[in-house]
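Asker: This structure is in structure tokens; I'll ask about it shortly.
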Amino acid sequence: TVLPAHGPVLPDLSEICRKYLEHRRGRLEQIRAALERLGADASVQAVTDYVYNDVDAAVRGAAVSSVAAQLDFLRSWDSPADPIG
């Protein structure tokens, strides 16, 4: 059981972790797709616009921060294998 600082009690830690990893892999695939379309050296702003094209302006900063972290992660990873495997 997980007792988060906010939100409901989560009954199954393994399921929560599986869903989180699935979400992370999906988001990384979106970032990879953006880089394929925009070029490997695309800016954080360009990738954010591509991946989060429907995000509310109120959370734009969080989207930019997320993309920056994911780009750093992907650009520092040398292997084509799943880095969060």
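We label chains A, B, ... in the order they appear in the structure tokens, count residues from 1 in each chain, and number ligands from 1 in the order shown.
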I'd like the contact shell of region 38-44 of chain A - 9 Å cut-off, only C-alpha atoms, skipping same-chain residues fewer than 5 positions apart - returned as a VMD selection string.
Answerer: chain A and resid 32 to 33 49 to 50 64 to 65 67 to 68 71 75
Asker: Rank A:Ala63, A:Tyr20, A:Val9, A:Ser76 by their smallest atom-to-atom distance to Val51 (chain A), using only C-alpha atoms, and report the top residue only.
Answerer: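 Nearest candidate to Val51 (chain A) out of A:Ala63, A:Tyr20, A:Val9, A:Ser76: A:Ala63.
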